[in-house]
file data_15.cif (mmCIF, C-alpha atoms)
data_structure
#
loop_
_atom_site.label_atom_id
_atom_site.label_comp_id
_atom_site.auth_asym_id
_atom_site.auth_seq_id
_atom_site.Cartn_x
_atom_site.Cartn_y
_atom_site.Cartn_z
CA VAL W 158 0.00 0.00 0.00
CA ALA W 159 2.66 2.51 1.05
CA ALA W 160 4.90 1.77 -1.96
CA ASN W 161 1.93 2.44 -4.22
CA TRP W 162 1.31 5.81 -2.58
CA VAL W 163 4.87 7.04 -2.26
CA PHE W 164 6.54 5.69 -5.40
CA GLY W 165 3.51 5.19 -7.62
CA TRP W 166 4.47 1.56 -8.26
CA ASP W 167 1.99 -1.04 -9.42
CA THR W 168 1.79 -3.10 -6.23
CA ASN W 169 -0.69 -5.60 -4.87
CA VAL W 170 -2.98 -3.43 -2.76
CA PRO W 171 -4.67 -5.55 -0.05
CA TRP W 172 -8.44 -5.94 -0.21
CA GLU W 173 -8.93 -3.70 2.83
CA PHE W 174 -7.57 -0.72 0.89
CA ASN W 175 -8.46 -1.32 -2.77
CA CYS W 176 -11.98 0.11 -2.45
CA ALA W 177 -13.34 -2.59 -4.77
CA ASP W 178 -16.88 -2.33 -3.43
CA GLY W 179 -16.77 1.38 -2.61
CA LYS W 180 -15.62 0.86 0.99
CA LEU W 181 -12.38 0.91 2.93
CA TYR W 182 -12.05 -1.72 5.64
CA ARG W 183 -8.87 -0.49 7.33
CA SER W 184 -7.66 3.03 8.03
CA VAL W 185 -4.87 4.31 5.80
CA VAL W 186 -3.26 6.15 8.71
CA THR W 187 -1.62 3.04 10.18
CA PRO W 188 0.27 1.86 7.04
CA TRP W 189 1.28 5.44 6.41
CA VAL W 190 2.91 5.60 9.86
CA THR W 191 4.61 2.18 9.69
CA SER W 192 5.74 2.11 6.05
CA GLY W 193 4.70 5.31 4.29
CA ALA W 194 6.82 7.62 6.43
CA PRO W 195 10.04 5.56 6.01
CA PHE W 196 9.42 5.22 2.27
CA ALA W 197 8.79 8.97 1.98
CA ALA W 198 12.09 9.60 3.76
CA ALA W 199 13.85 7.28 1.29
CA LYS W 200 12.22 9.07 -1.64
CA THR W 201 13.35 12.42 -0.25
CA LEU W 202 16.89 11.11 0.14
CA PHE W 203 17.25 9.22 -3.16
CA GLY W 204 14.61 10.82 -5.37
CA ASP W 205 12.10 9.12 -7.66
CA ALA W 206 14.80 6.99 -9.26
CA ILE W 207 15.47 5.06 -6.06
CA SER W 208 15.74 1.71 -7.86
CA GLN W 209 18.40 3.13 -10.18
CA ARG W 210 20.31 4.82 -7.37
CA LEU W 211 20.45 1.78 -5.09
CA GLY W 212 20.53 -0.95 -7.74
CA PRO W 213 20.39 -4.49 -6.32
CA TRP W 214 20.16 -3.14 -2.77
CA THR W 215 16.73 -1.57 -3.40
CA PRO W 216 14.56 -4.51 -2.23
CA TRP W 217 16.61 -4.95 0.94
CA VAL W 218 16.53 -1.24 1.77
CA LEU W 219 12.76 -1.10 1.33
CA LEU W 220 12.41 -4.22 3.46
CA ALA W 221 14.59 -2.79 6.23
CA LEU W 222 13.24 0.78 6.48
CA PRO W 223 9.94 0.02 8.27
CA ARG W 224 11.79 -2.39 10.55
CA VAL W 225 14.29 0.29 11.51
CA LEU W 226 11.39 2.53 12.53
CA LEU W 227 9.86 -0.27 14.57
CA LEU W 228 13.22 -0.94 16.22
CA ALA W 229 13.40 2.70 17.31
CA LEU W 230 9.84 2.54 18.65
CA SER W 231 10.67 -0.69 20.49
CA TRP W 232 13.32 1.14 22.54
CA TRP W 233 10.63 3.59 23.63
CA MET W 234 8.29 0.71 24.49
CA ASP W 235 11.07 -0.90 26.56
CA ARG W 236 11.50 2.27 28.59
CA LEU W 237 7.77 2.46 29.26
CA LEU W 238 7.58 -1.19 30.31
CA ARG W 239 10.57 -0.90 32.61
CA GLY W 240 8.94 2.07 34.33
CA LEU W 241 5.58 0.30 34.56
CA PHE W 242 6.56 -3.19 35.64
CA GLY W 243 10.28 -3.36 36.35
CA PRO W 244 13.22 -5.19 34.77
CA GLN W 245 12.00 -8.77 35.33
CA MET W 246 8.86 -8.27 33.24
CA LEU W 247 10.90 -6.48 30.56
CA THR W 248 13.31 -9.43 30.35
CA ILE W 249 10.44 -11.87 29.81
CA PHE W 250 8.85 -9.54 27.26
CA ARG W 251 12.08 -9.12 25.31
CA GLY W 252 12.72 -12.86 25.35
CA SER W 253 9.41 -13.70 23.65
CA TRP W 254 9.62 -14.54 19.95
CA VAL W 255 6.49 -12.44 19.53
CA THR W 256 8.59 -9.43 20.52
CA PHE W 257 11.93 -10.03 18.80
CA LEU W 258 10.45 -11.46 15.59
CA LEU W 259 6.81 -10.57 14.95
CA MET W 260 6.95 -7.07 16.40
CA MET W 261 9.83 -6.21 14.10
CA ARG W 262 7.46 -6.59 11.12
CA PRO W 263 5.08 -3.80 10.07
CA PHE W 264 1.88 -5.69 10.87
CA SER W 265 -1.12 -3.75 12.06
CA ASN W 266 -0.92 -6.14 15.03
CA THR W 267 2.50 -4.68 15.87
CA ILE W 268 1.01 -1.21 16.17
CA GLU W 269 -1.88 -2.67 18.15
CA THR W 270 0.61 -4.18 20.62
CA MET W 271 2.47 -0.90 21.04
CA LEU W 272 -0.82 0.89 21.62
CA VAL W 273 -1.65 -1.57 24.41
CA ILE W 274 1.62 -0.58 26.11
CA LEU W 275 0.84 3.12 25.70
CA ALA W 276 -2.72 2.59 26.98
CA TRP W 277 -1.37 0.83 30.05
CA ASP W 278 0.94 3.76 30.74
CA LEU W 279 -1.78 6.38 30.21
CA SER W 280 -4.30 4.46 32.32
CA ARG W 281 -1.88 4.46 35.24
CA ARG W 282 -1.25 8.19 34.79
CA ARG W 283 -5.01 8.89 34.42
CA ARG W 284 -4.83 10.93 31.20
CA PRO W 285 -8.40 10.68 29.84
CA VAL W 286 -8.06 12.85 26.72
CA LEU W 287 -4.94 11.05 25.53
CA LEU W 288 -6.52 7.71 26.41
CA GLY W 289 -9.52 8.55 24.26
CA MET W 290 -7.35 9.61 21.34
CA LEU W 291 -5.25 6.47 21.65
CA ALA W 292 -8.41 4.32 21.78
CA ALA W 293 -9.57 5.86 18.50
CA PHE W 294 -6.19 5.32 16.83
CA GLY W 295 -6.23 1.70 17.99
CA VAL W 296 -9.77 0.96 16.85
CA PHE W 297 -9.13 2.55 13.45
CA SER W 298 -5.94 0.47 13.16
CA ARG W 299 -7.70 -2.77 14.12
CA VAL W 300 -11.26 -2.93 15.38
CA THR W 301 -10.19 -5.73 17.75
CA PHE W 302 -8.16 -3.19 19.75
CA ALA W 303 -11.35 -2.44 21.69
CA ALA W 304 -11.14 -5.90 23.31
CA PHE W 305 -7.60 -5.23 24.57
CA PHE W 306 -8.34 -1.65 25.59
CA PHE W 307 -11.60 -2.14 27.52
CA PRO W 308 -10.08 -3.58 30.74
CA LEU W 309 -7.39 -0.87 30.67
CA GLY W 310 -10.01 1.84 30.26
CA VAL W 311 -12.00 0.46 33.19
CA SER W 312 -8.78 0.28 35.23
CA ALA W 313 -8.09 3.96 34.50
CA LEU W 314 -11.63 4.92 35.54
CA LEU W 315 -11.30 2.96 38.80
CA ALA W 316 -7.93 4.59 39.49
CA GLU W 317 -9.50 8.00 38.94
CA ASP W 318 -12.35 7.10 41.26
CA ASP W 319 -9.91 5.96 43.93
CA PHE W 320 -7.97 9.21 43.56
CA ALA W 321 -11.16 11.23 43.90
CA ARG W 322 -12.20 9.24 46.96
CA LYS W 323 -8.93 9.93 48.71
CA ALA W 324 -8.98 13.60 47.70
CA ALA W 325 -12.54 14.05 48.93
CA ALA W 326 -12.13 12.05 52.14
CA LYS W 327 -11.70 15.22 54.16
CA LYS W 328 -14.72 16.89 52.61
CA ALA W 329 -18.42 16.45 53.08
CA HIS W 330 -20.71 14.72 50.57
CA VAL W 331 -17.96 12.38 49.44
CA ARG W 332 -20.20 10.19 47.30
CA LEU W 333 -21.74 13.18 45.56
CA LEU W 334 -18.28 14.41 44.59
CA ARG W 335 -17.04 11.07 43.16
CA ILE W 336 -19.83 10.58 40.61
CA PRO W 337 -19.34 13.92 38.80
CA ASN W 338 -15.59 13.30 38.79
CA ALA W 339 -16.03 9.92 37.05
CA LEU W 340 -18.43 11.45 34.53
CA GLN W 341 -15.94 14.22 33.85
CA PHE W 342 -13.21 11.63 33.28
CA ILE W 343 -15.41 9.74 30.79
CA ALA W 344 -16.42 12.97 29.02
CA LYS W 345 -12.78 13.99 28.54
CA GLY W 346 -12.00 10.56 27.10
CA ALA W 347 -14.98 10.84 24.75
CA VAL W 348 -13.75 14.21 23.48
CA GLY W 349 -10.31 12.76 22.76
CA PHE W 350 -11.87 9.76 21.00
CA ALA W 351 -14.11 12.01 18.87
CA VAL W 352 -11.28 14.31 17.77
CA ALA W 353 -9.00 11.43 16.76
CA SER W 354 -11.87 9.61 15.04
CA LEU W 355 -12.74 12.67 12.96
CA PHE W 356 -9.11 12.88 11.86
CA HIS W 357 -9.12 9.24 10.74
CA ILE W 358 -12.48 9.58 9.00
CA ALA W 359 -11.26 12.64 7.11
CA ALA W 360 -8.02 10.93 6.05
CA ASP W 361 -9.78 7.72 4.98
CA THR W 362 -12.53 9.58 3.10
CA TRP W 363 -9.96 11.68 1.25
CA TYR W 364 -7.99 8.57 0.29
CA ALA W 365 -11.13 6.72 -0.83
CA ARG W 366 -12.18 9.56 -3.09
CA ALA W 367 -8.68 9.85 -4.50
CA GLU W 368 -8.82 6.13 -5.31
CA GLY W 369 -12.15 6.48 -7.12
CA CYS W 370 -14.55 5.21 -4.47
CA VAL W 371 -18.09 6.54 -4.18
CA GLU W 372 -17.58 10.29 -3.96
CA ASP W 373 -20.25 11.11 -1.40
CA ALA W 374 -19.51 8.17 0.92
CA ILE W 375 -18.02 8.89 4.34
CA GLN W 376 -15.54 6.15 5.25
CA VAL W 377 -15.85 4.91 8.84
CA THR W 378 -13.46 1.99 8.54
CA PRO W 379 -14.02 0.30 11.94
CA TRP W 380 -17.74 0.08 11.21
CA ASN W 381 -17.09 -1.26 7.69
CA ASN W 382 -14.63 -3.80 9.07
CA LEU W 383 -16.99 -4.93 11.82
CA LEU W 384 -19.86 -5.50 9.38
CA TYR W 385 -17.55 -7.39 7.05
CA ASN W 386 -16.33 -9.73 9.79
CA LEU W 387 -19.82 -10.40 11.12
CA ASP W 388 -20.65 -12.09 7.80
CA VAL W 389 -19.30 -15.65 7.87
CA ALA W 390 -19.51 -15.78 4.07
CA ASN W 391 -16.82 -13.09 3.93
CA LEU W 392 -14.60 -14.92 6.41
CA GLU W 393 -14.80 -18.11 4.33
CA GLN W 394 -12.58 -16.38 1.76
CA HIS W 395 -9.83 -16.11 4.37
CA GLY W 396 -10.31 -19.51 6.01
CA LEU W 397 -12.61 -20.70 8.78
CA HIS W 398 -11.32 -22.12 12.05
CA PRO W 399 -12.95 -23.65 15.12
CA ARG W 400 -13.74 -21.02 17.72
CA TYR W 401 -11.55 -22.71 20.30
CA LEU W 402 -8.40 -22.37 18.14
CA HIS W 403 -7.13 -19.21 19.87
CA ALA W 404 -7.35 -20.68 23.37
CA ALA W 405 -6.39 -24.25 22.55
CA VAL W 406 -3.64 -23.76 19.96
CA ASN W 407 -2.63 -20.18 19.18
CA MET W 408 -1.92 -19.12 22.76
CA GLN W 409 0.35 -22.16 23.21
CA LEU W 410 2.11 -21.41 19.92
CA LEU W 411 2.78 -17.82 20.91
CA PHE W 412 3.57 -18.19 24.61
CA SER W 413 3.94 -21.93 25.37
CA PRO W 414 1.66 -23.50 28.02
CA VAL W 415 3.45 -21.65 30.82
CA TRP W 416 0.99 -18.77 30.46
CA ILE W 417 -1.69 -21.01 31.97
CA VAL W 418 0.57 -21.84 34.93
CA GLY W 419 1.23 -18.12 35.36
CA ILE W 420 -2.46 -17.22 35.52
CA LEU W 421 -3.19 -19.98 38.05
CA THR W 422 -0.24 -19.28 40.37
CA CYS W 423 0.72 -15.61 39.97
CA GLN W 424 0.62 -13.28 42.95
CA ARG W 425 -2.64 -11.35 42.95
CA SER W 426 -2.14 -7.60 42.72
CA THR W 427 -3.77 -4.71 40.88
CA GLU W 428 -1.48 -5.15 37.87
CA THR W 429 -1.88 -8.93 37.59
CA ARG W 430 -5.67 -8.61 37.91
CA VAL W 431 -5.69 -6.08 35.09
CA ALA W 432 -3.39 -8.32 33.03
CA ILE W 433 -5.63 -11.36 33.53
CA SER W 434 -8.66 -9.23 32.63
CA VAL W 435 -7.00 -8.15 29.36
CA ILE W 436 -6.18 -11.77 28.49
CA ALA W 437 -9.69 -12.99 29.31
CA CYS W 438 -11.49 -10.17 27.52
CA ALA W 439 -9.37 -10.42 24.36
CA LEU W 440 -9.62 -14.21 24.18
CA LEU W 441 -13.38 -14.12 24.70
CA VAL W 442 -14.07 -11.46 22.07
CA LEU W 443 -11.59 -12.68 19.44
CA SER W 444 -12.79 -16.27 19.82
CA LEU W 445 -16.27 -15.22 18.68
CA ALA W 446 -15.00 -14.86 15.11
CA PRO W 447 -14.40 -18.11 13.18
CA HIS W 448 -11.27 -16.75 11.46
CA GLN W 449 -8.40 -17.01 13.95
CA GLU W 450 -4.75 -16.37 13.10
CA PRO W 451 -2.04 -16.46 15.80
CA ARG W 452 -0.89 -12.90 15.08
CA PHE W 453 -4.29 -11.59 16.17
CA LEU W 454 -3.19 -12.36 19.74
CA MET W 455 0.15 -10.56 19.55
CA PRO W 456 -0.85 -7.78 22.01
CA LEU W 457 -1.30 -10.41 24.72
CA VAL W 458 2.49 -10.66 24.98
CA VAL W 459 2.24 -7.66 27.33
CA PRO W 460 -0.22 -9.03 29.93
CA VAL W 461 1.26 -12.54 29.67
CA SER W 462 4.70 -11.10 30.51
CA VAL W 463 3.19 -9.23 33.46
CA VAL W 464 1.62 -12.44 34.78
CA LEU W 465 4.79 -14.51 34.34
CA ALA W 466 6.93 -11.85 36.03
CA ASN W 467 4.67 -12.12 39.10
CA THR W 468 4.62 -15.92 39.24
CA PRO W 469 6.58 -17.14 42.28
CA SER W 470 8.92 -20.11 41.97
CA PRO W 471 8.85 -22.75 44.74
CA SER W 472 12.63 -23.11 44.51
CA ALA W 473 15.69 -21.91 42.64
CA ARG W 474 15.59 -25.11 40.59
CA TRP W 475 12.08 -24.36 39.34
CA LYS W 476 13.08 -20.77 38.56
CA ASN W 477 16.05 -21.93 36.49
CA ALA W 478 13.91 -24.54 34.74
CA PHE W 479 11.43 -21.83 33.73
CA LYS W 480 14.22 -19.68 32.33
CA VAL W 481 15.58 -22.57 30.26
CA LEU W 482 12.11 -23.50 28.99
CA TRP W 483 11.30 -19.90 28.03
CA VAL W 484 14.60 -19.41 26.20
CA VAL W 485 14.54 -22.77 24.36
CA PHE W 486 10.88 -22.43 23.34
CA ASN W 487 11.22 -18.89 22.01
CA LEU W 488 14.51 -19.53 20.23
CA ALA W 489 13.14 -22.67 18.55
CA ILE W 490 9.92 -21.03 17.37
CA GLY W 491 11.74 -17.81 16.47
CA VAL W 492 14.32 -19.59 14.31
CA PHE W 493 11.64 -21.64 12.56
CA TYR W 494 9.33 -18.73 11.70
CA GLY W 495 12.13 -16.24 11.19
CA ALA W 496 14.58 -18.26 9.10
CA VAL W 497 12.83 -21.35 7.74
CA HIS W 498 9.07 -20.96 7.27
CA GLN W 499 8.45 -19.46 3.79
CA ALA W 500 11.94 -17.96 4.11
CA GLY W 501 12.86 -18.25 0.43
CA ILE W 502 10.35 -15.67 -0.77
CA ILE W 503 12.31 -12.50 0.01
CA PRO W 504 15.69 -13.54 -1.51
CA ALA W 505 13.85 -14.98 -4.52
CA LEU W 506 12.02 -11.72 -5.20
CA ALA W 507 15.22 -9.75 -4.72
CA THR W 508 16.90 -11.97 -7.31
CA VAL W 509 14.01 -11.57 -9.75
CA SER W 510 13.96 -7.78 -9.41
CA THR W 511 17.69 -7.43 -10.13
CA SER W 512 18.00 -10.16 -12.75
CA GLN W 513 19.86 -9.32 -15.94
CA ASP W 514 17.34 -11.39 -17.93
CA LYS W 515 14.69 -8.65 -17.62
CA ILE W 516 12.08 -10.92 -16.12
CA CYS W 517 8.62 -9.45 -16.68
CA CYS W 518 6.31 -12.29 -15.68
CA VAL W 519 6.42 -14.22 -12.38
CA VAL W 520 4.07 -17.07 -11.50
CA THR W 521 3.94 -18.08 -7.82
CA TYR W 522 2.52 -21.36 -6.56
CA GLU W 523 2.04 -22.63 -3.01
CA THR W 524 3.56 -19.49 -1.42
CA TYR W 525 2.09 -16.72 0.65
CA MET W 526 1.08 -13.55 -1.18
CA THR W 527 4.28 -12.01 -2.49
CA PRO W 528 5.18 -8.46 -1.36
CA ARG W 529 5.48 -6.94 -4.81
CA PHE W 530 7.01 -3.67 -3.64
CA LEU W 531 10.25 -5.64 -3.20
CA MET W 532 10.52 -5.79 -6.97
CA ALA W 533 11.31 -2.08 -6.78
CA GLY W 534 8.62 -0.87 -9.11
CA GLY W 535 9.92 -2.87 -12.02
CA ASP W 536 7.57 -3.65 -14.88
CA ILE W 537 6.90 -7.15 -13.56
CA GLU W 538 3.57 -8.93 -13.60
CA VAL W 539 2.94 -11.36 -10.74
CA TYR W 540 0.37 -14.12 -11.01
CA ASP W 541 -0.45 -15.89 -7.78
CA LEU W 542 -1.90 -19.35 -8.36
CA GLY W 543 -2.18 -19.95 -4.64
CA GLY W 544 -2.88 -23.64 -4.18
CA ARG W 545 -5.07 -24.12 -7.25
CA GLN W 546 -4.48 -26.91 -9.73
CA PRO W 547 -1.86 -25.43 -12.03
CA ASP W 548 -2.74 -26.79 -15.47
CA GLY W 549 -5.54 -24.47 -16.56
CA PRO W 550 -4.55 -21.28 -14.70
CA LEU W 551 -0.89 -21.59 -15.66
CA LEU W 552 -1.80 -22.00 -19.32
CA ASP W 553 -3.97 -18.88 -19.16
CA VAL W 554 -1.13 -16.90 -17.59
CA LEU W 555 1.41 -17.98 -20.17
CA GLN W 556 -0.93 -16.95 -22.97
CA SER W 557 -1.07 -13.34 -21.76
CA PRO W 558 0.65 -10.89 -24.16
CA LYS W 559 3.22 -9.77 -21.59
CA CYS W 560 4.32 -13.32 -20.71
CA LEU W 561 4.49 -14.36 -24.35
CA ALA W 562 6.75 -11.43 -25.19
CA SER W 563 9.13 -11.61 -22.22
CA CYS W 564 11.08 -13.84 -19.89
CA SER W 565 8.75 -15.68 -17.51
CA VAL W 566 9.60 -17.69 -14.39
CA ALA W 567 7.78 -19.73 -11.77
CA LEU W 568 8.48 -19.67 -8.02
CA LEU W 569 7.32 -22.70 -6.08
CA PRO W 570 8.42 -25.11 -3.33
CA LYS W 571 10.70 -27.85 -4.59
CA THR W 572 8.19 -30.40 -3.34
CA ALA W 573 5.57 -28.97 -5.73
CA LEU W 574 7.57 -29.61 -8.94
CA VAL W 575 5.65 -32.84 -9.40
CA ASP W 576 2.38 -30.90 -9.81
CA PHE W 577 3.73 -29.53 -13.09
CA GLY W 578 5.51 -32.68 -14.14
CA TRP W 579 8.87 -30.95 -13.87
CA ALA W 580 12.13 -32.64 -12.93
CA SER W 581 14.84 -31.15 -10.75
CA SER W 582 16.84 -30.39 -13.89
CA ALA W 583 14.31 -27.63 -14.72
CA ILE W 584 15.45 -25.60 -11.70
CA SER W 585 17.38 -22.43 -12.49
CA SER W 586 17.96 -21.17 -8.93
CA ALA W 587 17.11 -22.41 -5.43
CA PHE W 588 16.57 -20.47 -2.21
CA GLY W 589 16.70 -22.17 1.13
CA PRO W 590 15.88 -23.08 3.70
CA HIS W 591 12.23 -22.74 2.76
CA PHE W 592 9.45 -24.65 4.51
CA CYS W 593 5.93 -24.79 3.10
CA GLY W 594 3.39 -26.24 5.51
CA GLU W 595 1.08 -27.21 2.67
CA ARG W 596 3.88 -29.18 0.97
CA PRO W 597 6.20 -30.42 3.73
CA PRO W 598 9.43 -32.01 2.48
CA GLU W 599 10.30 -35.63 3.12
CA ARG W 600 14.03 -34.93 3.20
CA ALA W 601 16.24 -31.94 3.99
CA GLY W 602 17.31 -31.51 0.35
CA ASP W 603 13.77 -30.51 -0.59
CA LEU W 604 13.65 -27.65 1.91
CA GLU W 605 13.92 -25.04 -0.88
CA LEU W 606 11.98 -22.56 -2.95
CA VAL W 607 12.96 -22.94 -6.59
CA LEU W 608 12.91 -20.72 -9.64
CA VAL W 609 11.99 -22.39 -12.93
CA PRO W 610 12.20 -20.58 -16.30
CA LEU W 611 9.02 -20.93 -18.35
CA GLY W 612 9.22 -21.50 -22.08
#
call {"tool": "encode", "arguments": {"input": "data_15.cif", "output": "structure tokens"}}
result
Amino acid sequence: VAANWVFGWDTNVPWEFNCADGKLYRSVVTPWVTSGAPFAAAKTLFGDAISQRLGPWTPWVLLALPRVLLLALSWWMDRLLRGLFGPQMLTIFRGSWVTFLLMMRPFSNTIETMLVILAWDLSRRRRPVLLGMLAAFGVFSRVTFAAFFFPLGVSALLAEDDFARKAAAKKAHVRLLRIPNALQFIAKGAVGFAVASLFHIAADTWYARAEGCVEDAIQVTPWNNLLYNLDVANLEQHGLHPRYLHAAVNMQLLFSPVWIVGILTCQRSTETRVAISVIACALLVLSLAPHQEPRFLMPLVVPVSVVLANTPSPSARWKNAFKVLWVVFNLAIGVFYGAVHQAGIIPALATVSTSQDKICCVVTYETYMTPRFLMAGGDIEVYDLGGRQPDGPLLDVLQSPKCLASCSVALLPKTALVDFGWASSAISSAFGPHFCGERPPERAGDLELVLVPLG
């Protein structure tokens, strides 16, 4: 999305932003912050001809820029967490693969996680206007942010009520004074929410009209997104899962089963009660939808770390065992998802974009959706077959005028060569390690993504 805005390249704009049915389903403000701003800085520095100035380094620079921004923001988040919860919680938080791997990628879930940290800080400091503005930014980033924010908002209101009670203890009519104070706190938060929401609505409406959407339509993206996700027929396009998947599988994948032990045995305090409330509320709300991806639970790394930091160990041996388990689990999962799972895509696209053969047609099969901005705005058509049977679709692709008149290649897992009837001798280049869950290899030598020239 951001590469399309900043550089004017023909990229694959996600469905949330392409305005195909006259609606936007995600606010444009978030991708502008995470990727648009770094790309704009690069354009200012290198000019419109960035791909010519940087040459083969262009894809890697564009890949790194948003991550550099997120790295800088992560230092700020670390400082906030240390001040909120102390060094032990920060160590657990930093050691999670959710933090050192997933949060270094410009997902909307990454921003959602950072906003949870900021909300926790503002709720403790009782800043209603800023809390309201942050709530709006979060909801416009991902409508699910409301589930993570609600317990923190209630916590802030209770803290304000406690402050008012103590301040009014020496005065008469204590109860009469506390109610107006709570209402004033809520009103200030509502003003902040309204101001930030109007900003997002204006930005999204302007973008929608610039993209050719219905001219008189006002874009309220959280509402559009909520209506879309309430229709199971829409979710079928993205994959349906059992509603227990988040609690039974995804939480274990992200945090290992020790999060359950932490909730059952942690020392009860105001912070751990708030943390458990955030976990419970988010799991309950997000489990209502039948489309459940692990990254949707990324913000729970914050309350889970709070709970684990307040879990007492019966002995030094148990404490050391927990440390070993946490390190081994997160390193193993981090290495797999960071360096093996679908890991051949990025180097393969970088090779395609800088190839001397002037490749203009790329067919992908059994891979995730390729980030086309990494091809540096080159005049390259990408055809994603997904997991469909290749015979008919591939023939249609190869008959397109552009593919007939230029060099065409296919990118696919080595284990999928048999679907096309190709032998290993057809491979031009290989990129590994590359693991495809849909086509798991039977031996280590097949752990590759391969490039095959098409005649």
call {"tool": "closest_residue", "arguments": {"input": "data_15.cif", "among": "W:Ala500, W:Ala359, W:Leu542, W:Val520", "to": "Pro610 (chain W)", "atoms": "all atoms listed in the file"}}
result
W:Val520
call {"tool": "closest_residue", "arguments": {"input": "data_15.cif", "among": "W:Val435, W:Ile274, W:Ala221, W:Ile358", "to": "Leu238 (chain W)", "atoms": "all atoms listed in the file"}}
result
W:Ile274
call {"tool": "resolve_selection", "arguments": {"input": "data_15.cif", "expression": "the PyMOL selection byres ((chain W and resi 497) around 10)", "output": "ChimeraX atom specification"}}
result
/W:491-496,498-501,589-593,604-605
call {"tool": "write_last_selection", "arguments": {"input": "data_15.cif", "atoms": "C-alpha atoms", "output": "mmCIF file, in the coordinates of the input"}}
result
data_model
loop_
_atom_site.group_PDB
_atom_site.id
_atom_site.type_symbol
_atom_site.label_atom_id
_atom_site.label_comp_id
_atom_site.auth_asym_id
_atom_site.auth_seq_id
_atom_site.Cartn_x
_atom_site.Cartn_y
_atom_site.Cartn_z
ATOM 1 C CA GLY W 491 11.740 -17.810 16.470
ATOM 2 C CA VAL W 492 14.320 -19.590 14.310
ATOM 3 C CA PHE W 493 11.640 -21.640 12.560
ATOM 4 C CA TYR W 494 9.330 -18.730 11.700
ATOM 5 C CA GLY W 495 12.130 -16.240 11.190
ATOM 6 C CA ALA W 496 14.580 -18.260 9.100
ATOM 7 C CA HIS W 498 9.070 -20.960 7.270
ATOM 8 C CA GLN W 499 8.450 -19.460 3.790
ATOM 9 C CA ALA W 500 11.940 -17.960 4.110
ATOM 10 C CA GLY W 501 12.860 -18.250 0.430
ATOM 11 C CA GLY W 589 16.700 -22.170 1.130
ATOM 12 C CA PRO W 590 15.880 -23.080 3.700
ATOM 13 C CA HIS W 591 12.230 -22.740 2.760
ATOM 14 C CA PHE W 592 9.450 -24.650 4.510
ATOM 15 C CA CYS W 593 5.930 -24.790 3.100
ATOM 16 C CA LEU W 604 13.650 -27.650 1.910
ATOM 17 C CA GLU W 605 13.920 -25.040 -0.880
#
call {"tool": "closest_residue", "arguments": {"input": "data_15.cif", "among": "W:Lys345, W:Arg183, W:His403, W:Arg262", "to": "Pro447 (chain W)", "atoms": "all atoms listed in the file"}}
result
W:His403
call {"tool": "residues_around", "arguments": {"input": "data_15.cif", "residues": "Gln424 (chain W)", "least_positions_apart": "3", "cutoff": "10 Å", "atoms": "all atoms listed in the file", "output": "list of chain:residue names"}}
result
W:Gly419, W:Ile420, W:Leu421, W:Thr427, W:Glu428, W:Thr429, W:Arg430, W:Val464, W:Leu465, W:Ala466, W:Asn467, W:Thr468, W:Pro469
call {"tool": "resolve_selection", "arguments": {"input": "data_15.cif", "expression": "the PyMOL selection byres ((chain W and resi 434) around 12)", "output": "number ranges by chain"}}
result
W: 304-312, 420, 427-433, 435-441, 457, 460-461, 463-464
call {"tool": "resolve_selection", "arguments": {"input": "data_15.cif", "expression": "the PyMOL selection byres ((chain W and resi 192-202) around 6)", "output": "PyMOL selection string"}}
result
chain W and resi 159+188-191+203-204+222-223
call {"tool": "atom_distance", "arguments": {"input": "data_15.cif", "atom1": "CA of Pro263 (chain W)", "atom2": "CA of Thr521 (chain W)"}}
result
22.9 Å
call {"tool": "atom_distance", "arguments": {"input": "data_15.cif", "atom1": "CA of Ala321 (chain W)", "atom2": "CA of Arg283 (chain W)"}}
result
11.5 Å
call {"tool": "axis_aligned_box", "arguments": {"input": "data_15.cif", "around": "region 172-183 of chain W", "padding_each_side": "4 Å", "output": "AutoDock Vina command-line options"}}
result
--center_x -12.2 --center_y -2.3 --center_z 1.3 --size_x 17.3 --size_y 15.3 --size_z 20.1
call {"tool": "atom_distance", "arguments": {"input": "data_15.cif", "atom1": "CA of Ser472 (chain W)", "atom2": "CA of Phe250 (chain W)"}}
result
22.3 Å
call {"tool": "residues_around", "arguments": {"input": "data_15.cif", "residues": "region 288-290 of chain W", "least_positions_apart": "4", "cutoff": "7 Å", "atoms": "all atoms listed in the file", "output": "VMD selection string"}}
result
chain W and resid 276 279 284 294 346 to 347 349 to 350 353
call {"tool": "closest_atom_pairs", "arguments": {"input": "data_15.cif", "of": "region 470-509 of chain W", "to": "region 215-220 of chain W", "cutoff": "9 Å", "atoms": "all atoms listed in the file", "output": "CSV"}}
result
residue,atom,partner,partner_atom,distance
W:Ile503,CA,W:Pro216,CA,8.6
W:Pro504,CA,W:Trp217,CA,9.0
W:Leu506,CA,W:Pro216,CA,8.2
W:Ala507,CA,W:Pro216,CA,5.8
call {"tool": "closest_residue", "arguments": {"input": "data_15.cif", "among": "W:Val519, W:Val607, W:Val509, W:Met246", "to": "Leu569 (chain W)", "atoms": "all atoms listed in the file"}}
result
W:Val607
call {"tool": "residues_around", "arguments": {"input": "data_15.cif", "residues": "Ala446 (chain W)", "least_positions_apart": "5", "cutoff": "8 Å", "atoms": "all atoms listed in the file", "output": "list in words"}}
result
Asn386, Leu387 and Arg400 of chain W
